[in-house]
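Engineer: Following this line is protein_8.txt, made up of compact mmCIF, N, CA and C atoms:
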```txt
# COMPACT_ATOMS: atom_id res chain seq x y z
N MET M 1 18.26 -24.50 -10.90
CA MET M 1 17.97 -23.08 -10.75
C MET M 1 16.81 -22.91 -9.75
N GLU M 2 17.01 -22.03 -8.77
CA GLU M 2 15.98 -21.80 -7.77
C GLU M 2 14.88 -20.91 -8.33
N LYS M 3 13.66 -21.22 -7.93
CA LYS M 3 12.54 -20.38 -8.33
C LYS M 3 12.50 -19.17 -7.38
N GLN M 4 12.52 -17.99 -7.96
CA GLN M 4 12.51 -16.78 -7.14
C GLN M 4 11.11 -16.59 -6.54
N GLU M 5 11.09 -16.27 -5.27
CA GLU M 5 9.82 -16.03 -4.58
C GLU M 5 9.21 -14.73 -5.09
N ALA M 6 7.89 -14.72 -5.24
CA ALA M 6 7.20 -13.51 -5.72
C ALA M 6 7.40 -12.38 -4.72
N ARG M 7 7.60 -11.18 -5.24
CA ARG M 7 7.70 -10.01 -4.36
C ARG M 7 6.35 -9.79 -3.72
N ARG M 8 6.36 -9.28 -2.49
CA ARG M 8 5.13 -9.12 -1.73
C ARG M 8 4.63 -7.68 -1.69
N VAL M 9 3.32 -7.57 -1.64
CA VAL M 9 2.65 -6.29 -1.47
C VAL M 9 1.66 -6.47 -0.33
N LEU M 10 1.63 -5.50 0.58
CA LEU M 10 0.62 -5.49 1.63
C LEU M 10 -0.46 -4.50 1.23
N ALA M 11 -1.70 -4.87 1.44
CA ALA M 11 -2.82 -3.98 1.12
C ALA M 11 -3.65 -3.77 2.37
N VAL M 12 -3.85 -2.50 2.71
CA VAL M 12 -4.63 -2.12 3.88
C VAL M 12 -5.89 -1.45 3.34
N VAL M 13 -6.87 -2.28 2.98
CA VAL M 13 -8.07 -1.79 2.32
C VAL M 13 -9.32 -2.42 2.95
N THR M 14 -10.45 -1.74 2.80
CA THR M 14 -11.70 -2.24 3.37
C THR M 14 -12.68 -2.72 2.32
N ASP M 15 -12.63 -2.17 1.13
CA ASP M 15 -13.62 -2.44 0.09
C ASP M 15 -13.37 -3.80 -0.56
N LEU M 16 -14.35 -4.71 -0.41
CA LEU M 16 -14.21 -6.06 -0.93
C LEU M 16 -14.07 -6.09 -2.45
N PHE M 17 -14.85 -5.29 -3.16
CA PHE M 17 -14.77 -5.26 -4.62
C PHE M 17 -13.41 -4.74 -5.08
N PHE M 18 -12.91 -3.74 -4.41
CA PHE M 18 -11.60 -3.18 -4.76
C PHE M 18 -10.50 -4.20 -4.44
N SER M 19 -10.71 -5.00 -3.39
CA SER M 19 -9.75 -6.05 -3.03
C SER M 19 -9.59 -7.05 -4.17
N VAL M 20 -10.69 -7.39 -4.81
CA VAL M 20 -10.64 -8.33 -5.94
C VAL M 20 -9.84 -7.72 -7.09
N LYS M 21 -10.07 -6.45 -7.36
CA LYS M 21 -9.34 -5.76 -8.42
C LYS M 21 -7.83 -5.73 -8.12
N LEU M 22 -7.49 -5.45 -6.86
CA LEU M 22 -6.09 -5.45 -6.44
C LEU M 22 -5.48 -6.84 -6.62
N SER M 23 -6.19 -7.86 -6.20
CA SER M 23 -5.70 -9.24 -6.31
C SER M 23 -5.42 -9.61 -7.75
N ASP M 24 -6.34 -9.29 -8.63
CA ASP M 24 -6.17 -9.62 -10.06
C ASP M 24 -4.96 -8.90 -10.65
N ALA M 25 -4.82 -7.62 -10.36
CA ALA M 25 -3.70 -6.84 -10.90
C ALA M 25 -2.37 -7.34 -10.35
N ALA M 26 -2.34 -7.69 -9.07
CA ALA M 26 -1.11 -8.20 -8.46
C ALA M 26 -0.71 -9.54 -9.07
N LYS M 27 -1.70 -10.39 -9.27
CA LYS M 27 -1.43 -11.71 -9.86
C LYS M 27 -0.84 -11.56 -11.26
N ARG M 28 -1.42 -10.67 -12.06
CA ARG M 28 -0.91 -10.43 -13.42
C ARG M 28 0.52 -9.90 -13.41
N ALA M 29 0.87 -9.14 -12.37
CA ALA M 29 2.22 -8.59 -12.27
C ALA M 29 3.19 -9.56 -11.60
N GLY M 30 2.69 -10.72 -11.17
CA GLY M 30 3.55 -11.70 -10.52
C GLY M 30 3.88 -11.36 -9.07
N LEU M 31 3.01 -10.59 -8.43
CA LEU M 31 3.22 -10.19 -7.04
C LEU M 31 2.35 -11.02 -6.10
N ALA M 32 2.85 -11.28 -4.92
CA ALA M 32 2.06 -11.93 -3.87
C ALA M 32 1.40 -10.82 -3.05
N LEU M 33 0.09 -10.81 -3.02
CA LEU M 33 -0.66 -9.75 -2.32
C LEU M 33 -1.23 -10.30 -1.02
N GLU M 34 -1.03 -9.54 0.04
CA GLU M 34 -1.54 -9.95 1.34
C GLU M 34 -2.35 -8.79 1.94
N PHE M 35 -3.55 -9.10 2.40
CA PHE M 35 -4.42 -8.08 3.00
C PHE M 35 -4.19 -8.04 4.51
N VAL M 36 -4.08 -6.82 5.05
CA VAL M 36 -3.82 -6.62 6.47
C VAL M 36 -4.89 -5.68 7.00
N LYS M 37 -5.43 -6.01 8.19
CA LYS M 37 -6.55 -5.22 8.71
C LYS M 37 -6.32 -4.69 10.12
N ASP M 38 -5.06 -4.65 10.56
CA ASP M 38 -4.77 -4.23 11.92
C ASP M 38 -3.42 -3.49 11.92
N SER M 39 -3.35 -2.36 12.62
CA SER M 39 -2.14 -1.53 12.57
C SER M 39 -0.90 -2.26 13.12
N LYS M 40 -1.06 -3.04 14.20
CA LYS M 40 0.08 -3.79 14.74
C LYS M 40 0.57 -4.81 13.71
N GLU M 41 -0.37 -5.46 13.06
CA GLU M 41 -0.01 -6.46 12.05
C GLU M 41 0.72 -5.81 10.86
N ILE M 42 0.30 -4.62 10.48
CA ILE M 42 0.96 -3.90 9.38
C ILE M 42 2.42 -3.65 9.75
N LEU M 43 2.63 -3.10 10.95
CA LEU M 43 3.99 -2.77 11.40
C LEU M 43 4.85 -4.03 11.51
N GLU M 44 4.26 -5.12 11.96
CA GLU M 44 5.01 -6.38 12.09
C GLU M 44 5.36 -6.96 10.72
N LYS M 45 4.39 -7.02 9.82
CA LYS M 45 4.63 -7.60 8.50
C LYS M 45 5.54 -6.72 7.64
N ALA M 46 5.57 -5.44 7.92
CA ALA M 46 6.43 -4.52 7.16
C ALA M 46 7.91 -4.85 7.40
N LYS M 47 8.22 -5.45 8.54
CA LYS M 47 9.61 -5.80 8.84
C LYS M 47 10.17 -6.82 7.86
N SER M 48 9.29 -7.56 7.19
CA SER M 48 9.75 -8.56 6.21
C SER M 48 9.99 -7.92 4.83
N GLN M 49 9.96 -6.58 4.79
CA GLN M 49 10.31 -5.81 3.59
C GLN M 49 9.48 -6.11 2.34
N PRO M 50 8.15 -5.90 2.39
CA PRO M 50 7.39 -6.01 1.15
C PRO M 50 7.84 -4.91 0.19
N SER M 51 7.62 -5.08 -1.09
CA SER M 51 8.08 -4.05 -2.03
C SER M 51 7.16 -2.83 -2.02
N LEU M 52 5.93 -3.00 -1.51
CA LEU M 52 4.94 -1.93 -1.54
C LEU M 52 3.89 -2.17 -0.47
N ILE M 53 3.40 -1.08 0.13
CA ILE M 53 2.22 -1.16 1.01
C ILE M 53 1.21 -0.15 0.47
N ILE M 54 0.00 -0.64 0.24
CA ILE M 54 -1.09 0.19 -0.28
C ILE M 54 -2.06 0.49 0.85
N PHE M 55 -2.39 1.77 1.01
CA PHE M 55 -3.32 2.19 2.07
C PHE M 55 -4.57 2.83 1.49
N ASP M 56 -5.73 2.38 1.97
CA ASP M 56 -6.96 3.13 1.79
C ASP M 56 -6.91 4.17 2.90
N LEU M 57 -6.68 5.42 2.54
CA LEU M 57 -6.48 6.46 3.55
C LEU M 57 -7.75 6.77 4.34
N ASN M 58 -8.88 6.19 3.95
CA ASN M 58 -10.12 6.36 4.69
C ASN M 58 -10.42 5.18 5.62
N TYR M 59 -9.49 4.28 5.76
CA TYR M 59 -9.65 3.10 6.61
C TYR M 59 -9.33 3.51 8.05
N GLU M 60 -10.30 4.17 8.70
CA GLU M 60 -10.08 4.80 10.00
C GLU M 60 -9.71 3.81 11.10
N ALA M 61 -10.14 2.55 11.00
CA ALA M 61 -9.87 1.56 12.04
C ALA M 61 -8.37 1.30 12.22
N VAL M 62 -7.58 1.49 11.16
CA VAL M 62 -6.13 1.27 11.28
C VAL M 62 -5.34 2.57 11.44
N ASN M 63 -6.01 3.70 11.35
CA ASN M 63 -5.37 5.01 11.47
C ASN M 63 -4.16 5.11 10.53
N PRO M 64 -4.39 5.11 9.21
CA PRO M 64 -3.30 5.05 8.24
C PRO M 64 -2.22 6.12 8.41
N LEU M 65 -2.59 7.34 8.75
CA LEU M 65 -1.57 8.40 8.88
C LEU M 65 -0.58 8.08 10.00
N LYS M 66 -1.08 7.55 11.11
CA LYS M 66 -0.23 7.18 12.23
C LYS M 66 0.71 6.02 11.83
N VAL M 67 0.15 5.03 11.12
CA VAL M 67 0.95 3.87 10.69
C VAL M 67 2.02 4.31 9.69
N ILE M 68 1.66 5.17 8.75
CA ILE M 68 2.62 5.68 7.76
C ILE M 68 3.76 6.41 8.46
N THR M 69 3.43 7.25 9.43
CA THR M 69 4.45 7.98 10.19
C THR M 69 5.39 7.00 10.88
N LYS M 70 4.84 5.96 11.51
CA LYS M 70 5.68 4.96 12.21
C LYS M 70 6.56 4.21 11.22
N LEU M 71 6.01 3.83 10.06
CA LEU M 71 6.79 3.09 9.06
C LEU M 71 7.97 3.93 8.57
N LYS M 72 7.74 5.21 8.32
CA LYS M 72 8.80 6.08 7.80
C LYS M 72 9.80 6.47 8.89
N ALA M 73 9.41 6.37 10.16
CA ALA M 73 10.30 6.73 11.27
C ALA M 73 11.26 5.59 11.61
N SER M 74 10.91 4.37 11.23
CA SER M 74 11.72 3.21 11.58
C SER M 74 12.79 2.95 10.51
N SER M 75 14.03 2.76 10.93
CA SER M 75 15.11 2.50 9.98
C SER M 75 14.86 1.18 9.25
N GLU M 76 14.13 0.28 9.90
CA GLU M 76 13.85 -1.04 9.34
C GLU M 76 12.85 -0.99 8.18
N THR M 77 11.94 -0.02 8.22
CA THR M 77 10.84 0.00 7.24
C THR M 77 10.76 1.28 6.41
N LYS M 78 11.63 2.24 6.65
CA LYS M 78 11.48 3.54 5.97
C LYS M 78 11.68 3.47 4.46
N GLY M 79 12.34 2.42 3.95
CA GLY M 79 12.59 2.31 2.52
C GLY M 79 11.45 1.69 1.72
N ILE M 80 10.43 1.21 2.40
CA ILE M 80 9.30 0.57 1.71
C ILE M 80 8.45 1.64 1.03
N SER M 81 8.07 1.38 -0.22
CA SER M 81 7.19 2.32 -0.93
C SER M 81 5.79 2.26 -0.34
N LEU M 82 5.22 3.43 -0.07
CA LEU M 82 3.87 3.52 0.48
C LEU M 82 3.01 4.32 -0.49
N ILE M 83 1.89 3.73 -0.89
CA ILE M 83 0.95 4.41 -1.77
C ILE M 83 -0.40 4.47 -1.07
N GLY M 84 -0.98 5.65 -1.04
CA GLY M 84 -2.30 5.83 -0.44
C GLY M 84 -3.27 6.31 -1.48
N TYR M 85 -4.53 5.90 -1.32
CA TYR M 85 -5.56 6.42 -2.21
C TYR M 85 -6.74 6.92 -1.39
N LEU M 86 -7.47 7.86 -1.99
CA LEU M 86 -8.59 8.52 -1.32
C LEU M 86 -9.53 9.10 -2.36
N SER M 87 -10.57 9.73 -1.91
CA SER M 87 -11.49 10.41 -2.81
C SER M 87 -10.80 11.66 -3.36
N HIS M 88 -11.04 11.98 -4.61
CA HIS M 88 -10.36 13.13 -5.24
C HIS M 88 -10.68 14.47 -4.57
N ILE M 89 -11.73 14.51 -3.75
CA ILE M 89 -12.08 15.78 -3.10
C ILE M 89 -11.41 15.96 -1.73
N GLN M 90 -10.66 14.96 -1.28
CA GLN M 90 -10.06 15.01 0.06
C GLN M 90 -8.66 15.64 0.02
N VAL M 91 -8.61 16.90 -0.34
CA VAL M 91 -7.35 17.62 -0.51
C VAL M 91 -6.55 17.69 0.80
N GLU M 92 -7.23 17.97 1.90
CA GLU M 92 -6.55 18.09 3.19
C GLU M 92 -5.94 16.75 3.62
N LEU M 93 -6.68 15.66 3.44
CA LEU M 93 -6.18 14.33 3.80
C LEU M 93 -4.98 13.96 2.92
N LYS M 94 -5.03 14.35 1.66
CA LYS M 94 -3.90 14.08 0.76
C LYS M 94 -2.64 14.76 1.29
N GLN M 95 -2.76 16.01 1.68
CA GLN M 95 -1.63 16.77 2.22
C GLN M 95 -1.10 16.12 3.50
N GLN M 96 -2.02 15.72 4.38
CA GLN M 96 -1.61 15.08 5.64
C GLN M 96 -0.87 13.77 5.38
N ALA M 97 -1.33 13.00 4.41
CA ALA M 97 -0.69 11.72 4.07
C ALA M 97 0.72 11.96 3.53
N GLN M 98 0.87 12.97 2.69
CA GLN M 98 2.19 13.30 2.15
C GLN M 98 3.13 13.75 3.26
N GLU M 99 2.62 14.56 4.18
CA GLU M 99 3.43 15.03 5.31
C GLU M 99 3.82 13.87 6.23
N ALA M 100 2.94 12.86 6.33
CA ALA M 100 3.22 11.69 7.18
C ALA M 100 4.32 10.82 6.56
N GLY M 101 4.51 10.95 5.23
CA GLY M 101 5.56 10.19 4.58
C GLY M 101 5.09 9.27 3.47
N CYS M 102 3.82 9.35 3.13
CA CYS M 102 3.29 8.52 2.04
C CYS M 102 4.00 8.93 0.74
N ASP M 103 4.61 7.96 0.05
CA ASP M 103 5.40 8.27 -1.15
C ASP M 103 4.55 8.75 -2.32
N MET M 104 3.34 8.23 -2.42
CA MET M 104 2.46 8.63 -3.52
C MET M 104 1.02 8.61 -3.00
N VAL M 105 0.28 9.68 -3.25
CA VAL M 105 -1.12 9.75 -2.85
C VAL M 105 -1.93 10.05 -4.11
N LEU M 106 -2.86 9.15 -4.40
CA LEU M 106 -3.65 9.28 -5.62
C LEU M 106 -5.13 9.23 -5.32
N ALA M 107 -5.90 9.86 -6.19
CA ALA M 107 -7.35 9.68 -6.13
C ALA M 107 -7.61 8.21 -6.42
N ARG M 108 -8.64 7.65 -5.82
CA ARG M 108 -8.92 6.23 -6.01
C ARG M 108 -9.06 5.88 -7.49
N SER M 109 -9.70 6.74 -8.26
CA SER M 109 -9.89 6.47 -9.69
C SER M 109 -8.54 6.43 -10.43
N ALA M 110 -7.64 7.35 -10.09
CA ALA M 110 -6.32 7.38 -10.73
C ALA M 110 -5.49 6.17 -10.31
N PHE M 111 -5.60 5.78 -9.04
CA PHE M 111 -4.87 4.60 -8.57
C PHE M 111 -5.39 3.36 -9.31
N SER M 112 -6.69 3.26 -9.41
CA SER M 112 -7.31 2.13 -10.09
C SER M 112 -6.85 2.04 -11.54
N GLN M 113 -6.83 3.18 -12.21
CA GLN M 113 -6.43 3.25 -13.61
C GLN M 113 -4.95 2.90 -13.80
N ASN M 114 -4.10 3.31 -12.87
CA ASN M 114 -2.66 3.10 -12.99
C ASN M 114 -2.15 1.86 -12.26
N MET M 115 -3.06 1.09 -11.67
CA MET M 115 -2.68 -0.08 -10.88
C MET M 115 -1.75 -1.05 -11.63
N PRO M 116 -2.04 -1.41 -12.88
CA PRO M 116 -1.13 -2.34 -13.57
C PRO M 116 0.31 -1.82 -13.68
N GLN M 117 0.48 -0.54 -13.98
CA GLN M 117 1.81 0.05 -14.09
C GLN M 117 2.49 0.13 -12.73
N ILE M 118 1.74 0.48 -11.70
CA ILE M 118 2.28 0.58 -10.34
C ILE M 118 2.78 -0.78 -9.89
N PHE M 119 1.96 -1.82 -10.09
CA PHE M 119 2.36 -3.16 -9.69
C PHE M 119 3.54 -3.67 -10.51
N LYS M 120 3.55 -3.36 -11.78
CA LYS M 120 4.66 -3.79 -12.64
C LYS M 120 5.98 -3.18 -12.14
N ARG M 121 5.93 -1.91 -11.74
CA ARG M 121 7.11 -1.20 -11.25
C ARG M 121 7.66 -1.84 -9.97
N HIS M 122 6.75 -2.40 -9.14
CA HIS M 122 7.17 -2.97 -7.87
C HIS M 122 7.37 -4.48 -7.92
N SER M 123 7.25 -5.06 -9.10
CA SER M 123 7.39 -6.52 -9.19
C SER M 123 8.84 -6.96 -9.36
N GLY M 124 9.74 -6.00 -9.47
CA GLY M 124 11.15 -6.39 -9.55
C GLY M 124 11.75 -5.82 -10.76
```
Can the structure in the file be given as structure tokens, please?

Structural biologist:
Amino acid sequence: MEKQEARRVLAVVTDLFFSVKLSDAAKRAGLALEFVKDSKEILEKAKSQPSLIIFDLNYEAVNPLKVITKLKASSETKGISLIGYLSHIQVELKQQAQEAGCDMVLARSAFSQNMPQIFKRHSG
């Protein structure tokens, strides 16, 4: 019997402490988590069909809204689930992310609280 490869998640985040939390939750859900810090790299790695891409919507260096729009515009990557998180007071950014095609936009605290369930849902 072949061992099934762990489903992959890409994380586009800047906060080191939050990265550790993401890694722990992904490991518990049996997911392989990979951190990406460049917009070209995100678009390239998305072609391998990860089950989920997580965006820190305040990560200005990668321009998340532009990347989300490109991912949803491509027939190759439009089916990938995209989740973005931000500060609960960033109502305008939340709307822009949804318009760009982000499947779910959560306040960072809500994302953090629901991370185990979110990862479990994307683990297969």

Engineer: Would you tabulate, counting only C-alpha atoms, all residues of segment 23-94 of chain M that have an atom at most 12 Å from an atom of segment 6-11 of chain M, showing the closest pair of atoms and their distance in Å to one decimal, sorted by chain then ascending number, as JSON lines?

Structural biologist:
```
{"residue": "M:Ser23", "atom": "CA", "partner": "M:Ala11", "partner_atom": "CA", "distance": 9.5}
{"residue": "M:Ala25", "atom": "CA", "partner": "M:Val9", "partner_atom": "CA", "distance": 11.4}
{"residue": "M:Ala26", "atom": "CA", "partner": "M:Val9", "partner_atom": "CA", "distance": 8.2}
{"residue": "M:Lys27", "atom": "CA", "partner": "M:Ala6", "partner_atom": "CA", "distance": 9.7}
{"residue": "M:Arg28", "atom": "CA", "partner": "M:Ala6", "partner_atom": "CA", "distance": 11.6}
{"residue": "M:Ala29", "atom": "CA", "partner": "M:Ala6", "partner_atom": "CA", "distance": 9.6}
{"residue": "M:Gly30", "atom": "CA", "partner": "M:Ala6", "partner_atom": "CA", "distance": 6.3}
{"residue": "M:Leu31", "atom": "CA", "partner": "M:Arg7", "partner_atom": "CA", "distance": 5.2}
{"residue": "M:Ala32", "atom": "CA", "partner": "M:Arg8", "partner_atom": "CA", "distance": 4.7}
{"residue": "M:Leu33", "atom": "CA", "partner": "M:Val9", "partner_atom": "CA", "distance": 4.9}
{"residue": "M:Glu34", "atom": "CA", "partner": "M:Leu10", "partner_atom": "CA", "distance": 5.0}
{"residue": "M:Phe35", "atom": "CA", "partner": "M:Ala11", "partner_atom": "CA", "distance": 4.8}
{"residue": "M:Val36", "atom": "CA", "partner": "M:Ala11", "partner_atom": "CA", "distance": 6.0}
{"residue": "M:Lys37", "atom": "CA", "partner": "M:Ala11", "partner_atom": "CA", "distance": 8.5}
{"residue": "M:Asp38", "atom": "CA", "partner": "M:Ala11", "partner_atom": "CA", "distance": 11.0}
{"residue": "M:Ser39", "atom": "CA", "partner": "M:Ala11", "partner_atom": "CA", "distance": 11.7}
{"residue": "M:Glu41", "atom": "CA", "partner": "M:Leu10", "partner_atom": "CA", "distance": 10.5}
{"residue": "M:Ile42", "atom": "CA", "partner": "M:Leu10", "partner_atom": "CA", "distance": 7.9}
{"residue": "M:Leu43", "atom": "CA", "partner": "M:Leu10", "partner_atom": "CA", "distance": 10.7}
{"residue": "M:Glu44", "atom": "CA", "partner": "M:Leu10", "partner_atom": "CA", "distance": 11.4}
{"residue": "M:Lys45", "atom": "CA", "partner": "M:Leu10", "partner_atom": "CA", "distance": 8.2}
{"residue": "M:Ala46", "atom": "CA", "partner": "M:Leu10", "partner_atom": "CA", "distance": 8.1}
{"residue": "M:Lys47", "atom": "CA", "partner": "M:Leu10", "partner_atom": "CA", "distance": 11.5}
{"residue": "M:Ser48", "atom": "CA", "partner": "M:Arg8", "partner_atom": "CA", "distance": 9.2}
{"residue": "M:Gln49", "atom": "CA", "partner": "M:Arg8", "partner_atom": "CA", "distance": 8.1}
{"residue": "M:Pro50", "atom": "CA", "partner": "M:Arg8", "partner_atom": "CA", "distance": 4.8}
{"residue": "M:Ser51", "atom": "CA", "partner": "M:Arg8", "partner_atom": "CA", "distance": 5.9}
{"residue": "M:Leu52", "atom": "CA", "partner": "M:Val9", "partner_atom": "CA", "distance": 4.9}
{"residue": "M:Ile53", "atom": "CA", "partner": "M:Leu10", "partner_atom": "CA", "distance": 4.7}
{"residue": "M:Ile54", "atom": "CA", "partner": "M:Ala11", "partner_atom": "CA", "distance": 4.7}
{"residue": "M:Phe55", "atom": "CA", "partner": "M:Ala11", "partner_atom": "CA", "distance": 6.3}
{"residue": "M:Asp56", "atom": "CA", "partner": "M:Ala11", "partner_atom": "CA", "distance": 8.3}
{"residue": "M:Leu57", "atom": "CA", "partner": "M:Ala11", "partner_atom": "CA", "distance": 11.3}
{"residue": "M:Tyr59", "atom": "CA", "partner": "M:Ala11", "partner_atom": "CA", "distance": 11.3}
{"residue": "M:Val62", "atom": "CA", "partner": "M:Ala11", "partner_atom": "CA", "distance": 11.9}
{"residue": "M:Pro64", "atom": "CA", "partner": "M:Ala11", "partner_atom": "CA", "distance": 11.5}
{"residue": "M:Ile80", "atom": "CA", "partner": "M:Val9", "partner_atom": "CA", "distance": 10.1}
{"residue": "M:Ser81", "atom": "CA", "partner": "M:Val9", "partner_atom": "CA", "distance": 9.7}
{"residue": "M:Leu82", "atom": "CA", "partner": "M:Leu10", "partner_atom": "CA", "distance": 9.6}
{"residue": "M:Ile83", "atom": "CA", "partner": "M:Ala11", "partner_atom": "CA", "distance": 9.6}
{"residue": "M:Gly84", "atom": "CA", "partner": "M:Ala11", "partner_atom": "CA", "distance": 9.9}
{"residue": "M:Tyr85", "atom": "CA", "partner": "M:Ala11", "partner_atom": "CA", "distance": 11.3}
```

Engineer: Going by DSSP on the backbone, which bits of segment 18-97 of chain M are helix (DSSP H, G or I)? Write them as an NGL selection string, please.

Structural biologist: :M and (18-28 or 39-46 or 60-62 or 64-73 or 91-97)

Engineer: Identify which of the residues M:Phe119, M:Asn58, M:Lys21, M:Cys102 lies closest to Leu71 of chain M, counting only C-alpha atoms when measuring atom-to-atom distances.

Structural biologist: M:Cys102

Engineer: Would you kindly return, as a PyMOL selection string, each protein, DNA or RNA residue with an atom no farther than 6.5 Å from any atom of Gln96 of chain M, considering all atoms listed in the file and excluding same-chain residues fewer than 5 positions away?

Structural biologist: chain M and resi 65+91+101

Engineer: What separation in Å, quoted to one decimal, exists between atom CA of Asp24 of chain M and atom N of Pro116 of chain M?

Structural biologist: 9.6 Å

Engineer: Draw an axis-aligned box tight on the listed atoms of segment 101-120 of chain M, then pad every side by 3 Å and write out centre and edge lengths in Å to one decimal as lines of an AutoDock Vina configuration file.

Structural biologist:
```
center_x = -2.0
center_y = 3.6
center_z = -4.4
size_x = 21.9
size_y = 20.7
size_z = 25.3
```

Engineer: When you count only N, CA and C atoms, which of these residues is closest to Arg108 of chain M: M:Ser75, M:Ser87, M:Thr69, M:Ser19?

Structural biologist: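 Looking only at the distances to Arg108 of chain M, the closest residue turns out to be M:Ser87.
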
Engineer: What parts of chain M does DSSP call strand (DSSP E or B)? I'd like the answer as a ChimeraX atom specification.

Structural biologist: /M:8-12,32-35,52-56,81-86,104-107

Engineer: What is the distance, in Å and to one decimal place, between atom CA of Glu92 of chain M and atom CA of Gln113 of chain M?

Structural biologist: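 Calculated distance between atom CA of Glu92 of chain M and atom CA of Gln113 of chain M is 22.4 Å.
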
Engineer: For atom CA of Val105 of chain M and atom CA of Val20 of chain M, determine how far apart the two atoms are, in Å to one decimal place.

Structural biologist: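 If I compute the distance from atom CA of Val105 of chain M to atom CA of Val20 of chain M, I get 20.7 Å.
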
Engineer: When you count all atoms listed in the file, which of these residues is closest to Glu99 of chain M: M:Ser74, M:Ile68, M:Leu22, M:Met115?

Structural biologist: M:Ile68

Engineer: Looking at only C-alpha atoms, which of M:His88, M:Lys78, M:Lys40, M:His122 is the one that sits closest to Val12 of chain M?

Structural biologist: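 Ranking M:His88, M:Lys78, M:Lys40, M:His122 by distance to Val12 of chain M, first place goes to M:Lys40.
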